[in-house]
file query_35.txt (compact mmCIF, C-alpha atoms)
# COMPACT_ATOMS: atom_id res chain seq x y z
CA MET A 7 -4.46 -12.80 -6.22
CA LYS A 8 -2.06 -14.50 -3.85
CA TYR A 9 -2.61 -12.07 -0.95
CA GLU A 10 -6.32 -12.68 -0.26
CA TRP A 11 -5.82 -11.63 3.39
CA MET A 12 -4.78 -8.06 2.50
CA ASP A 13 -8.18 -6.32 2.61
CA GLU A 14 -9.08 -7.68 6.05
CA TYR A 15 -5.56 -7.05 7.36
CA LEU A 16 -5.63 -3.38 6.36
CA LEU A 17 -9.18 -2.70 7.54
CA GLU A 18 -8.28 -4.01 11.02
CA LYS A 19 -5.91 -1.07 11.47
CA LYS A 20 -7.19 1.93 13.40
CA ALA A 21 -8.91 4.68 11.40
CA VAL A 22 -8.46 2.95 8.02
CA THR A 23 -11.06 3.55 5.34
CA LYS A 24 -11.24 2.25 1.82
CA ASP A 25 -12.84 3.46 -1.35
CA LEU A 26 -12.80 2.84 -5.07
CA LYS A 27 -11.22 5.58 -7.15
CA GLU A 28 -13.32 4.85 -10.24
CA GLU A 29 -11.26 6.91 -12.69
CA TRP A 30 -8.21 4.78 -11.90
CA ASN A 31 -10.03 1.57 -10.91
CA TRP A 32 -7.97 1.47 -7.72
CA VAL A 33 -9.16 0.30 -4.32
CA ARG A 34 -7.51 2.81 -1.99
CA TYR A 35 -6.74 2.31 1.70
CA MET A 36 -6.49 5.57 3.59
CA ILE A 37 -5.94 7.03 7.01
CA GLY A 38 -7.22 10.52 7.64
CA GLY A 39 -8.05 10.87 3.95
CA LYS A 40 -4.48 10.12 2.83
CA MET A 41 -3.72 6.99 0.86
CA PHE A 42 -1.13 4.57 2.21
CA ALA A 43 -1.91 1.54 0.01
CA ALA A 44 -3.84 0.72 -3.14
CA LEU A 45 -4.94 -2.34 -5.03
CA CYS A 46 -4.71 -1.47 -8.71
CA LEU A 47 -7.31 -3.29 -10.81
CA ASP A 48 -7.36 -3.94 -14.55
CA ASP A 49 -10.36 -3.59 -16.87
CA ASP A 50 -11.63 -6.99 -15.68
CA ASP A 51 -11.31 -5.90 -12.01
CA LYS A 52 -8.36 -8.23 -11.46
CA PRO A 53 -5.45 -6.94 -9.35
CA TYR A 54 -2.30 -6.11 -11.26
CA TYR A 55 -0.36 -4.17 -8.59
CA ILE A 56 -0.39 -3.47 -4.88
CA THR A 57 1.04 0.00 -4.34
CA LEU A 58 2.39 1.30 -1.02
CA LYS A 59 4.74 3.87 0.45
CA LEU A 60 8.18 3.14 1.94
CA GLU A 61 11.23 5.08 3.02
CA PRO A 62 13.24 5.61 -0.19
CA VAL A 63 16.29 3.60 0.93
CA GLU A 64 14.19 0.62 2.00
CA GLY A 65 12.13 0.70 -1.20
CA GLU A 66 15.27 0.75 -3.32
CA PHE A 67 16.77 -2.14 -1.36
CA LEU A 68 13.64 -4.28 -1.66
CA ARG A 69 13.37 -3.59 -5.38
CA SER A 70 16.94 -4.86 -5.76
CA GLN A 71 16.05 -8.06 -3.85
CA TYR A 72 12.68 -8.94 -5.43
CA PRO A 73 11.87 -8.68 -9.14
CA ASP A 74 8.16 -8.50 -8.19
CA ILE A 75 8.70 -5.12 -6.46
CA ILE A 76 9.04 -2.17 -8.84
CA PRO A 77 9.00 1.63 -8.51
CA GLY A 78 5.47 2.92 -7.83
CA TYR A 79 3.10 2.46 -10.74
CA TYR A 80 1.72 5.90 -11.66
CA MET A 81 3.18 7.25 -8.42
CA ASN A 82 6.32 9.03 -7.21
CA LYS A 83 9.03 6.47 -7.97
CA VAL A 84 11.14 7.48 -4.94
CA HIS A 85 8.55 6.99 -2.20
CA TRP A 86 6.05 4.53 -3.71
CA ASN A 87 6.52 0.89 -4.66
CA SER A 88 4.31 -1.56 -6.52
CA ILE A 89 4.18 -5.30 -5.89
CA LYS A 90 2.88 -7.90 -8.33
CA PRO A 91 -0.11 -9.55 -6.61
CA ASP A 92 0.78 -13.04 -7.87
CA GLY A 93 4.51 -12.72 -7.35
CA GLU A 94 7.04 -14.20 -4.98
CA VAL A 95 7.07 -11.59 -2.21
CA PRO A 96 6.51 -13.50 1.06
CA ASP A 97 3.31 -12.72 2.99
CA GLU A 98 5.21 -11.61 6.09
CA LEU A 99 7.31 -9.17 4.06
CA LEU A 100 4.23 -7.68 2.41
CA LYS A 101 2.57 -7.31 5.84
CA ASP A 102 5.69 -5.53 7.11
CA MET A 103 5.69 -3.23 4.08
CA LEU A 104 1.98 -2.43 4.54
CA ASP A 105 2.57 -1.70 8.24
CA LYS A 106 5.43 0.64 7.42
CA SER A 107 3.37 2.44 4.78
CA TYR A 108 0.55 2.96 7.29
CA GLN A 109 3.02 4.32 9.88
CA LEU A 110 4.73 6.64 7.36
CA VAL A 111 1.46 8.25 6.35
CA LEU A 112 0.23 8.43 9.95
CA LYS A 113 3.47 10.16 11.02
CA GLY A 114 2.85 12.79 8.34
CA PHE A 115 0.00 14.17 10.46
CA SER A 116 0.46 16.48 13.43
CA LYS A 117 0.70 14.80 16.84
CA LYS A 118 -2.77 16.10 17.68
CA ARG A 119 -4.28 14.67 14.49
CA GLN A 120 -2.48 11.35 15.07
CA GLU A 121 -4.06 11.14 18.52
CA GLU A 122 -7.50 11.92 17.08
CA LEU A 123 -7.15 9.24 14.42
CA LEU A 124 -5.96 6.59 16.88
CA ALA A 125 -8.47 7.42 19.62
call {"tool": "encode", "arguments": {"input": "query_35.txt", "output": "structure tokens"}}
result
Amino acid sequence: MKYEWMDEYLLEKKAVTKDLKEEWNWVRYMIGGKMFAALCLDDDDKPYYITLKLEPVEGEFLRSQYPDIIPGYYMNKVHWNSIKPDGEVPDELLKDMLDKSYQLVLKGFSKKRQEELLA
């Protein structure tokens, strides 16, 4: 996988946890129990997609700009996007997309819960 830095980058964010959803063979990154990113693994435990959430307009725009970004694999195709882990998406763009996904899911919580998570 091209984005070897991803795991450490995501776990540095406040209140982020990760687990392995064995039925799917996905490494999930969550805040407050809600997933904001996932590393989808094949039967040999090799990454085949990075899945994350974006505002629909931004996701659609990025999919039109990068062939390595597609509608969310096994997810809602409007809000979720999947990135090929050995593709041509620049590191800085992927970091920005991961940051936005984290913020979108965080903003879905009440203000009180957001404060608790970030404390």
call {"tool": "residues_around", "arguments": {"input": "query_35.txt", "residues": "stretch 22-24 of chain A", "least_positions_apart": "5", "cutoff": "7 Å", "atoms": "all atoms listed in the file", "output": "list of chain:residue names"}}
result
A:Leu17, A:Val33, A:Arg34, A:Tyr35, A:Met36, A:Ile37
call {"tool": "axis_aligned_box", "arguments": {"input": "query_35.txt", "around": "stretch 53-58 of chain A", "padding_each_side": "3 Å", "output": "AutoDock Vina command-line options"}}
result
--center_x -1.5 --center_y -2.8 --center_z -6.1 --size_x 13.8 --size_y 14.2 --size_z 16.2
call {"tool": "closest_atom_pairs", "arguments": {"input": "query_35.txt", "of": "stretch 40-90 of chain A", "to": "stretch 97-113 of chain A", "cutoff": "12 Å", "atoms": "all atoms listed in the file", "output": "tab-separated table"}}
result
residue	atom	partner	partner_atom	distance
A:Lys40	CA	A:Val111	CA	7.2
A:Met41	CA	A:Val111	CA	7.7
A:Phe42	CA	A:Tyr108	CA	5.6
A:Ala43	CA	A:Leu104	CA	7.2
A:Ala44	CA	A:Leu104	CA	10.1
A:Leu45	CA	A:Leu104	CA	11.8
A:Ile56	CA	A:Leu100	CA	9.6
A:Thr57	CA	A:Leu104	CA	9.3
A:Leu58	CA	A:Ser107	CA	6.0
A:Lys59	CA	A:Ser107	CA	4.8
A:Leu60	CA	A:Ser107	CA	5.6
A:Glu61	CA	A:Leu110	CA	8.0
A:Pro62	CA	A:Leu110	CA	11.4
A:Glu64	CA	A:Met103	CA	9.6
A:Gly65	CA	A:Met103	CA	9.2
A:Leu68	CA	A:Leu99	CA	9.8
A:Gln71	CA	A:Leu99	CA	11.8
A:Tyr72	CA	A:Leu99	CA	10.9
A:Asp74	CA	A:Leu100	CA	11.3
A:Ile75	CA	A:Leu100	CA	10.3
A:His85	CA	A:Ser107	CA	9.8
A:Trp86	CA	A:Ser107	CA	9.1
A:Asn87	CA	A:Met103	CA	9.7
A:Ser88	CA	A:Met103	CA	10.8
A:Ile89	CA	A:Leu100	CA	8.6
A:Lys90	CA	A:Leu100	CA	10.8
call {"tool": "closest_residue", "arguments": {"input": "query_35.txt", "among": "A:Gly114, A:Gly93, A:Pro53, A:Pro73", "to": "A:Gly38", "atoms": "all atoms listed in the file"}}
result
A:Gly114
call {"tool": "atom_distance", "arguments": {"input": "query_35.txt", "atom1": "atom CA of A:Val95", "atom2": "atom CA of A:Lys52"}}
result
18.3 Å
call {"tool": "closest_residue", "arguments": {"input": "query_35.txt", "among": "A:Glu14, A:Leu47, A:Ala21, A:Pro96", "to": "A:Glu122", "atoms": "all atoms listed in the file"}}
result
A:Ala21
call {"tool": "atom_distance", "arguments": {"input": "query_35.txt", "atom1": "atom CA of A:Asp48", "atom2": "atom CA of A:Trp30"}}
result
9.2 Å
call {"tool": "closest_residue", "arguments": {"input": "query_35.txt", "among": "A:Ile76, A:Lys20, A:Lys83, A:Pro91", "to": "A:Leu124", "atoms": "only C-alpha atoms"}}
result
A:Lys20
call {"tool": "closest_residue", "arguments": {"input": "query_35.txt", "among": "A:Val63, A:Met81, A:Glu94, A:Ser70", "to": "A:Met7", "atoms": "only C-alpha atoms"}}
result
A:Glu94
